[in-house]
>>> print(open('coords-v2.pdb').read())   # PDB, C-alpha atoms
MODEL        1
ATOM      1  CA  MET N   1       0.000   0.000   0.000
ATOM      2  CA  LYS N   2       1.240   3.475  -0.851
ATOM      3  CA  THR N   3       1.438   6.058   1.938
ATOM      4  CA  ILE N   4      -1.361   8.644   2.038
ATOM      5  CA  GLY N   5      -0.388  12.171   3.116
ATOM      6  CA  LEU N   6      -3.133  14.115   4.892
ATOM      7  CA  ILE N   7      -3.055  17.897   5.329
ATOM      8  CA  GLY N   8      -5.493  18.302   8.204
ATOM      9  CA  GLY N   9      -6.503  20.449  11.131
ATOM     10  CA  MET N  10      -9.056  22.516   9.163
ATOM     11  CA  SER N  11     -10.802  21.647  11.406
ATOM     12  CA  TRP N  12      -9.416  18.764  13.456
ATOM     13  CA  GLU N  13     -13.014  17.624  13.972
ATOM     14  CA  SER N  14     -13.328  16.585  10.340
ATOM     15  CA  THR N  15      -9.692  15.480  10.088
ATOM     16  CA  ALA N  16     -10.431  12.897  12.773
ATOM     17  CA  GLU N  17     -13.160  11.611  10.455
ATOM     18  CA  TYR N  18     -10.666  11.386   7.600
ATOM     19  CA  TYR N  19      -8.319   9.291   9.730
ATOM     20  CA  ARG N  20     -11.144   6.965  10.748
ATOM     21  CA  LEU N  21     -12.432   6.639   7.195
ATOM     22  CA  VAL N  22      -9.104   5.870   5.478
ATOM     23  CA  ASN N  23      -8.495   3.155   8.044
ATOM     24  CA  GLU N  24     -12.013   1.720   7.751
ATOM     25  CA  PHE N  25     -11.814   1.632   3.957
ATOM     26  CA  THR N  26      -8.381  -0.025   4.140
ATOM     27  CA  ARG N  27      -9.674  -2.666   6.570
ATOM     28  CA  ASP N  28     -12.674  -3.289   4.322
ATOM     29  CA  ARG N  29     -10.453  -3.709   1.265
ATOM     30  CA  LEU N  30      -7.676  -5.795   2.839
ATOM     31  CA  GLY N  31      -9.404  -7.454   5.793
ATOM     32  CA  GLY N  32      -8.003  -8.679   9.065
ATOM     33  CA  LEU N  33      -5.891  -6.251  11.071
ATOM     34  CA  HIS N  34      -4.893  -4.089   8.109
ATOM     35  CA  SER N  35      -4.866  -0.312   8.541
ATOM     36  CA  ALA N  36      -3.834   2.558   6.297
ATOM     37  CA  ARG N  37      -0.283   3.697   5.714
ATOM     38  CA  CYS N  38      -0.705   7.423   6.241
ATOM     39  CA  VAL N  39       1.070  10.530   7.468
ATOM     40  CA  LEU N  40      -0.852  13.464   8.947
ATOM     41  CA  TYR N  41       0.265  17.093   9.101
ATOM     42  CA  SER N  42      -2.220  19.064  11.201
ATOM     43  CA  VAL N  43      -2.113  22.862  10.982
ATOM     44  CA  ASP N  44      -3.481  25.388  13.491
ATOM     45  CA  PHE N  45      -6.890  26.265  12.080
ATOM     46  CA  ALA N  46      -7.079  29.563  13.989
ATOM     47  CA  GLU N  47      -4.168  30.855  11.897
ATOM     48  CA  ILE N  48      -5.685  29.587   8.642
ATOM     49  CA  GLU N  49      -9.112  31.023   9.449
ATOM     50  CA  GLN N  50      -7.617  34.480   9.979
ATOM     51  CA  LEU N  51      -5.872  34.303   6.617
ATOM     52  CA  GLN N  52      -9.197  33.313   5.020
ATOM     53  CA  VAL N  53     -11.090  36.202   6.594
ATOM     54  CA  GLN N  54      -8.388  38.684   5.580
ATOM     55  CA  GLY N  55      -8.228  37.337   2.027
ATOM     56  CA  ARG N  56      -4.553  36.408   2.430
ATOM     57  CA  TRP N  57      -4.892  33.283   0.334
ATOM     58  CA  ALA N  58      -1.337  33.364  -0.991
ATOM     59  CA  GLU N  59       0.002  33.130   2.560
ATOM     60  CA  ALA N  60      -2.435  30.348   3.380
ATOM     61  CA  GLY N  61      -1.215  28.560   0.285
ATOM     62  CA  GLU N  62       2.355  28.815   1.511
ATOM     63  CA  VAL N  63       1.378  27.215   4.836
ATOM     64  CA  LEU N  64      -0.299  24.291   3.115
ATOM     65  CA  ALA N  65       2.476  23.956   0.545
ATOM     66  CA  ALA N  66       4.992  23.633   3.368
ATOM     67  CA  ALA N  67       2.784  21.000   4.964
ATOM     68  CA  ALA N  68       2.681  19.063   1.701
ATOM     69  CA  GLN N  69       6.465  19.228   1.399
ATOM     70  CA  ALA N  70       6.795  17.886   4.943
ATOM     71  CA  LEU N  71       4.470  15.004   4.073
ATOM     72  CA  GLU N  72       6.484  14.177   0.970
ATOM     73  CA  ALA N  73       9.687  14.247   3.025
ATOM     74  CA  ALA N  74       8.036  11.898   5.513
ATOM     75  CA  GLY N  75       7.374   9.357   2.760
ATOM     76  CA  ALA N  76       3.894  10.191   1.468
ATOM     77  CA  ASP N  77       3.194   8.944  -2.058
ATOM     78  CA  LEU N  78       0.115  11.133  -2.588
ATOM     79  CA  VAL N  79      -1.404  14.067  -0.743
ATOM     80  CA  LEU N  80      -4.912  15.150   0.246
ATOM     81  CA  ILE N  81      -6.099  18.534   1.493
ATOM     82  CA  CYS N  82      -8.653  17.437   4.107
ATOM     83  CA  THR N  83     -11.003  20.368   3.607
ATOM     84  CA  ASN N  84     -13.043  21.696   0.702
ATOM     85  CA  THR N  85     -12.441  25.416   1.208
ATOM     86  CA  MET N  86      -8.658  25.248   1.143
ATOM     87  CA  HIS N  87      -8.759  23.704  -2.313
ATOM     88  CA  LYS N  88      -8.715  27.367  -3.301
ATOM     89  CA  VAL N  89      -4.924  27.009  -2.946
ATOM     90  CA  ALA N  90      -4.720  23.484  -4.413
ATOM     91  CA  ASP N  91      -2.620  24.664  -7.363
ATOM     92  CA  ARG N  92      -0.010  26.116  -4.999
ATOM     93  CA  VAL N  93       0.109  22.905  -2.978
ATOM     94  CA  GLU N  94       0.356  20.759  -6.101
ATOM     95  CA  ALA N  95       3.213  22.849  -7.468
ATOM     96  CA  ALA N  96       5.207  22.482  -4.245
ATOM     97  CA  VAL N  97       5.596  18.702  -4.382
ATOM     98  CA  SER N  98       6.455  15.972  -6.865
ATOM     99  CA  ILE N  99       3.795  13.569  -5.567
ATOM    100  CA  PRO N 100       0.204  13.688  -6.874
ATOM    101  CA  LEU N 101      -2.510  15.778  -5.220
ATOM    102  CA  LEU N 102      -5.869  13.986  -5.116
ATOM    103  CA  HIS N 103      -8.316  16.847  -5.663
ATOM    104  CA  LEU N 104     -11.503  16.635  -3.607
ATOM    105  CA  ALA N 105     -13.763  18.241  -6.229
ATOM    106  CA  ASP N 106     -12.606  15.797  -8.894
ATOM    107  CA  ALA N 107     -13.326  12.786  -6.674
ATOM    108  CA  THR N 108     -16.732  14.241  -5.782
ATOM    109  CA  ALA N 109     -17.686  14.913  -9.386
ATOM    110  CA  ARG N 110     -16.815  11.313 -10.279
ATOM    111  CA  ALA N 111     -18.959  10.017  -7.412
ATOM    112  CA  VAL N 112     -21.958  12.108  -8.458
ATOM    113  CA  ARG N 113     -21.648  11.069 -12.095
ATOM    114  CA  ALA N 114     -21.315   7.415 -11.075
ATOM    115  CA  SER N 115     -24.652   7.711  -9.277
ATOM    116  CA  GLY N 116     -26.314   8.803 -12.517
ATOM    117  CA  LEU N 117     -27.039  12.346 -11.324
ATOM    118  CA  HIS N 118     -25.814  15.629 -12.766
ATOM    119  CA  ARG N 119     -27.793  18.477 -11.152
ATOM    120  CA  VAL N 120     -26.712  18.995  -7.547
ATOM    121  CA  GLY N 121     -27.011  21.458  -4.714
ATOM    122  CA  LEU N 122     -23.815  22.518  -2.993
ATOM    123  CA  LEU N 123     -23.471  23.309   0.712
ATOM    124  CA  GLY N 124     -20.218  24.610   2.147
ATOM    125  CA  THR N 125     -18.490  27.703   3.419
ATOM    126  CA  ALA N 126     -19.300  30.978   1.694
ATOM    127  CA  PHE N 127     -15.939  30.706  -0.085
ATOM    128  CA  THR N 128     -16.826  27.277  -1.477
ATOM    129  CA  MET N 129     -20.391  28.158  -2.461
ATOM    130  CA  GLU N 130     -19.714  31.580  -3.953
ATOM    131  CA  GLN N 131     -16.286  31.367  -5.584
ATOM    132  CA  ASP N 132     -15.327  29.562  -8.760
ATOM    133  CA  PHE N 133     -12.349  27.504  -7.511
ATOM    134  CA  TYR N 134     -14.645  24.683  -6.340
ATOM    135  CA  ARG N 135     -17.929  25.162  -8.201
ATOM    136  CA  GLY N 136     -16.036  25.621 -11.449
ATOM    137  CA  ARG N 137     -14.114  22.403 -10.891
ATOM    138  CA  LEU N 138     -17.355  20.507 -10.292
ATOM    139  CA  GLU N 139     -18.885  22.039 -13.414
ATOM    140  CA  ALA N 140     -15.805  21.101 -15.419
ATOM    141  CA  GLY N 141     -16.425  17.574 -14.137
ATOM    142  CA  GLY N 142     -19.813  17.515 -15.829
ATOM    143  CA  LEU N 143     -22.127  18.715 -13.058
ATOM    144  CA  GLU N 144     -24.756  21.442 -12.932
ATOM    145  CA  VAL N 145     -24.294  23.135  -9.550
ATOM    146  CA  ARG N 146     -26.822  25.145  -7.563
ATOM    147  CA  VAL N 147     -26.285  26.933  -4.253
ATOM    148  CA  PRO N 148     -28.670  28.319  -1.612
ATOM    149  CA  ASP N 149     -29.915  31.892  -1.713
ATOM    150  CA  ALA N 150     -28.011  34.609   0.177
ATOM    151  CA  ASP N 151     -29.750  33.938   3.499
ATOM    152  CA  GLY N 152     -29.221  30.211   3.140
ATOM    153  CA  ARG N 153     -25.536  30.647   2.323
ATOM    154  CA  ALA N 154     -25.043  32.893   5.346
ATOM    155  CA  LEU N 155     -26.730  30.370   7.644
ATOM    156  CA  VAL N 156     -24.747  27.413   6.318
ATOM    157  CA  HIS N 157     -21.457  29.333   6.657
ATOM    158  CA  ARG N 158     -22.232  30.531  10.193
ATOM    159  CA  VAL N 159     -23.077  27.068  11.478
ATOM    160  CA  ILE N 160     -19.849  25.656  10.040
ATOM    161  CA  TYR N 161     -17.526  28.147  11.707
ATOM    162  CA  GLN N 162     -19.402  28.928  14.914
ATOM    163  CA  GLU N 163     -20.649  25.424  15.695
ATOM    164  CA  LEU N 164     -19.379  22.453  13.703
ATOM    165  CA  CYS N 165     -15.701  23.436  13.674
ATOM    166  CA  LEU N 166     -15.988  23.646  17.468
ATOM    167  CA  GLY N 167     -17.596  20.220  17.716
ATOM    168  CA  VAL N 168     -21.042  21.667  18.500
ATOM    169  CA  VAL N 169     -23.972  19.833  16.859
ATOM    170  CA  ARG N 170     -27.381  21.432  17.442
ATOM    171  CA  GLU N 171     -30.759  20.051  16.475
ATOM    172  CA  GLU N 172     -32.006  23.512  15.544
ATOM    173  CA  SER N 173     -29.123  23.852  13.098
ATOM    174  CA  ARG N 174     -29.942  20.448  11.628
ATOM    175  CA  ALA N 175     -33.519  21.618  11.119
ATOM    176  CA  ALA N 176     -32.293  24.822   9.466
ATOM    177  CA  TYR N 177     -30.042  22.844   7.117
ATOM    178  CA  ARG N 178     -32.957  20.568   6.254
ATOM    179  CA  LYS N 179     -34.883  23.653   5.136
ATOM    180  CA  VAL N 180     -31.966  24.813   2.983
ATOM    181  CA  ILE N 181     -31.727  21.348   1.420
ATOM    182  CA  ALA N 182     -35.480  21.265   0.793
ATOM    183  CA  ASP N 183     -35.226  24.606  -1.017
ATOM    184  CA  LEU N 184     -32.421  23.281  -3.222
ATOM    185  CA  VAL N 185     -34.468  20.200  -4.068
ATOM    186  CA  ALA N 186     -37.491  22.372  -4.850
ATOM    187  CA  GLY N 187     -35.233  24.257  -7.252
ATOM    188  CA  GLY N 188     -34.361  21.074  -9.121
ATOM    189  CA  ALA N 189     -31.378  19.573  -7.288
ATOM    190  CA  GLN N 190     -31.237  15.787  -7.743
ATOM    191  CA  GLY N 191     -28.685  15.385  -4.967
ATOM    192  CA  VAL N 192     -26.772  17.518  -2.477
ATOM    193  CA  ILE N 193     -23.005  17.749  -2.064
ATOM    194  CA  LEU N 194     -21.939  18.272   1.534
ATOM    195  CA  GLY N 195     -19.115  20.483   0.341
ATOM    196  CA  CYS N 196     -17.638  21.104   3.763
ATOM    197  CA  THR N 197     -16.264  18.124   5.623
ATOM    198  CA  GLU N 198     -17.740  19.325   8.934
ATOM    199  CA  ILE N 199     -21.293  19.195   7.545
ATOM    200  CA  GLU N 200     -21.042  15.409   7.712
ATOM    201  CA  LEU N 201     -21.098  15.788  11.500
ATOM    202  CA  LEU N 202     -24.573  17.353  11.247
ATOM    203  CA  ILE N 203     -26.429  16.051   8.198
ATOM    204  CA  ARG N 204     -27.401  12.386   7.909
ATOM    205  CA  PRO N 205     -28.932  10.578   4.916
ATOM    206  CA  GLU N 206     -32.387  10.813   6.467
ATOM    207  CA  ASP N 207     -32.098  14.607   6.643
ATOM    208  CA  SER N 208     -32.409  14.908   2.861
ATOM    209  CA  PRO N 209     -35.136  13.802   0.439
ATOM    210  CA  VAL N 210     -32.438  13.229  -2.216
ATOM    211  CA  PRO N 211     -29.023  11.506  -2.034
ATOM    212  CA  VAL N 212     -26.304  13.399  -0.181
ATOM    213  CA  PHE N 213     -22.676  13.145  -1.197
ATOM    214  CA  ALA N 214     -20.375  13.258   1.827
ATOM    215  CA  THR N 215     -17.121  14.695   0.517
ATOM    216  CA  ALA N 216     -14.806  13.479   3.304
ATOM    217  CA  ARG N 217     -16.074   9.931   2.781
ATOM    218  CA  ILE N 218     -15.693  10.227  -0.998
ATOM    219  CA  HIS N 219     -12.190  11.695  -0.684
ATOM    220  CA  ALA N 220     -11.028   9.056   1.792
ATOM    221  CA  ALA N 221     -12.364   6.234  -0.398
ATOM    222  CA  ALA N 222     -10.616   7.668  -3.451
ATOM    223  CA  ALA N 223      -7.359   7.964  -1.491
ATOM    224  CA  VAL N 224      -7.447   4.349  -0.370
ATOM    225  CA  ASP N 225      -8.245   3.225  -3.903
ATOM    226  CA  ALA N 226      -5.312   5.236  -5.243
ATOM    227  CA  ALA N 227      -3.006   3.880  -2.552
ATOM    228  CA  LEU N 228      -3.951   0.313  -3.435
ATOM    229  CA  SER N 229      -3.974   0.698  -7.225
ATOM    230  CA  GLY N 230      -2.230   2.532 -10.000
ATOM    231  CA  GLY N 231      -2.510   6.029  -8.552
ATOM    232  CA  PRO N 232      -4.770   9.051  -8.077
ATOM    233  CA  GLY N 233      -5.387   9.344 -11.800
ATOM    234  CA  ASP N 234      -7.295   6.073 -11.806
ATOM    235  CA  ALA N 235     -11.043   6.475 -11.534
ATOM    236  CA  PRO N 236     -11.976   4.985  -8.145
ATOM    237  CA  PRO N 237     -15.197   3.114  -7.490
ATOM    238  CA  ALA N 238     -17.339   5.825  -5.933
ATOM    239  CA  PRO N 239     -18.918   5.117  -2.554
ATOM    240  CA  ALA N 240     -22.683   5.024  -2.725
ATOM    241  CA  PRO N 241     -24.412   8.303  -1.884
ATOM    242  CA  HIS N 242     -26.079   8.409   1.524
TER     243      HIS N 242
ENDMDL
END
>>> encode(input="coords-v2.pdb", output="structure tokens")
Amino acid sequence: MKTIGLIGGMSWESTAEYYRLVNEFTRDRLGGLHSARCVLYSVDFAEIEQLQVQGRWAEAGEVLAAAAQALEAAGADLVLICTNTMHKVADRVEAAVSIPLLHLADATARAVRASGLHRVGLLGTAFTMEQDFYRGRLEAGGLEVRVPDADGRALVHRVIYQELCLGVVREESRAAYRKVIADLVAGGAQGVILGCTEIELLIRPEDSPVPVFATARIHAAAAVDAALSGGPGDAPPAPAPH
């Protein structure tokens, strides 16, 4: 098995899920006592969040690029950015290393297409929902992407940063997300991408009338497939939507 490099800590709540998932998928594939060969570099999210708010993306990219270089030096054969939003600096991270970067949006687009759907709602941080670095990548992957209205985007973003990244899961926030999802479905969404890894702590399959695509789960499955096969360029078998 190749060694998976994980750039985590954004937040550590969802990074813990990544670690669990890559090991579960490895056990399921190999059986017995097998676990994943992986290396984790966990950044301080408080520093990254300030760079996000201040629009200092180039500096944030340097932090993550250095993390990727450390993972490569530690023996990683491929690297994952364990967060959707920071794929805004994926090009900088990819340029800093000689090992492949497994892009989260690419893996997600493959999973949605494999399910037979093409028109999806996208939930995530305001950066992910409103900027082109992620939506554009999904659209280039053959998807039609819809996002909530301004009030819905503000609510989704607030819950991520003020609750989920702190490990706080509230029923009233789950109910509010259900309403946002229902609005997306009413607008024609055939499925919903949980385009922030923390959202998987809040939204369950039964919270949506259409399939939900959990991006941390999809990313982890694609990483294990790449580590056990020819590489990240191979199209992995997509995990079933929830």
>>> axis_aligned_box(input="coords-v2.pdb", around="segment 75-83 of chain N", padding_each_side="8 Å", output="lines of an AutoDock Vina configuration file")
center_x = -1.8
center_y = 14.7
center_z = 0.8
size_x = 34.4
size_y = 27.4
size_z = 22.7
>>> closest_residue(input="coords-v2.pdb", among="N:Ala96, N:Ala60, N:Cys82, N:Leu30", to="Glu17 of chain N", atoms="all atoms listed in the file")
N:Cys82
>>> residues_near_point(input="coords-v2.pdb", point="(-21.2, 21.3, 1.6)", cutoff="7 Å", atoms="all atoms listed in the file", output="list in words")
Leu122, Leu123, Gly124, Ile193, Leu194, Gly195, Cys196 and Ile199 of chain N
>>> residues_around(input="coords-v2.pdb", residues="Thr128 of chain N", least_positions_apart="3", cutoff="10 Å", atoms="all atoms listed in the file", output="list in words")
Asn84, Thr85, Met86, His87, Lys88, Leu122, Leu123, Gly124, Thr125, Gln131, Asp132, Phe133, Tyr134, Arg135, Val147, His157, Gly195 and Cys196 of chain N
>>> resolve_selection(input="coords-v2.pdb", expression="the PyMOL selection byres ((chain N and resi 177-192) around 8)", output="list in words")
Leu117, His118, Arg119, Val120, Gly121, Leu122, Leu123, Arg146, Val147, Pro148, Gly152, Val156, Ser173, Arg174, Ala175, Ala176, Ile193, Leu194, Ile203, Asp207, Ser208, Pro209, Val210, Pro211, Val212 and Phe213 of chain N
>>> atom_distance(input="coords-v2.pdb", atom1="atom CA of Leu64 of chain N", atom2="atom CA of Arg153 of chain N")
26.0 Å
>>> residues_near_point(input="coords-v2.pdb", point="(-25.5, 20.7, 17.0)", cutoff="12 Å", atoms="all atoms listed in the file", output="NGL selection string")
:N and (159-160 or 162-177 or 198-203)
>>> resolve_selection(input="coords-v2.pdb", expression="the PyMOL selection byres ((chain N and resi 217) around 10)", output="ChimeraX atom specification")
/N:17-18,20-22,25,108,197,200,213-216,218-223,238-241
>>> residues_around(input="coords-v2.pdb", residues="Asp106 of chain N", least_positions_apart="5", cutoff="8 Å", atoms="only C-alpha atoms", output="ChimeraX atom specification")
/N:137-138,141
>>> closest_residue(input="coords-v2.pdb", among="N:Thr15, N:Ser35, N:Thr3, N:Thr26", to="Ile81 of chain N", atoms="all atoms listed in the file")
N:Thr15
>>> atom_distance(input="coords-v2.pdb", atom1="atom CA of Asp44 of chain N", atom2="atom CA of Phe127 of chain N")
19.2 Å
>>> atom_distance(input="coords-v2.pdb", atom1="atom CA of Leu40 of chain N", atom2="atom CA of Leu6 of chain N")
4.7 Å
>>> closest_residue(input="coords-v2.pdb", among="N:Met1, N:Asp151, N:Gln52, N:Ala67", to="Arg27 of chain N", atoms="all atoms listed in the file")
N:Met1
>>> residues_around(input="coords-v2.pdb", residues="Leu78 of chain N", least_positions_apart="5", cutoff="12 Å", atoms="all atoms listed in the file", output="PyMOL selection string")
chain N and resi 1-7+37-40+68-69+71-73+93-94+97-103+222-228+230-233
>>> closest_residue(input="coords-v2.pdb", among="N:Gly142, N:Gly8, N:Gly55, N:Gly61", to="Ala90 of chain N", atoms="all atoms listed in the file")
N:Gly61
>>> closest_residue(input="coords-v2.pdb", among="N:Asp28, N:Leu104, N:His34, N:Val89", to="Glu59 of chain N", atoms="all atoms listed in the file")
N:Val89
>>> residues_around(input="coords-v2.pdb", residues="Gly9 of chain N", least_positions_apart="2", cutoff="7 Å", atoms="only C-alpha atoms", output="NGL selection string")
:N and (11-12 or 15 or 42-45)
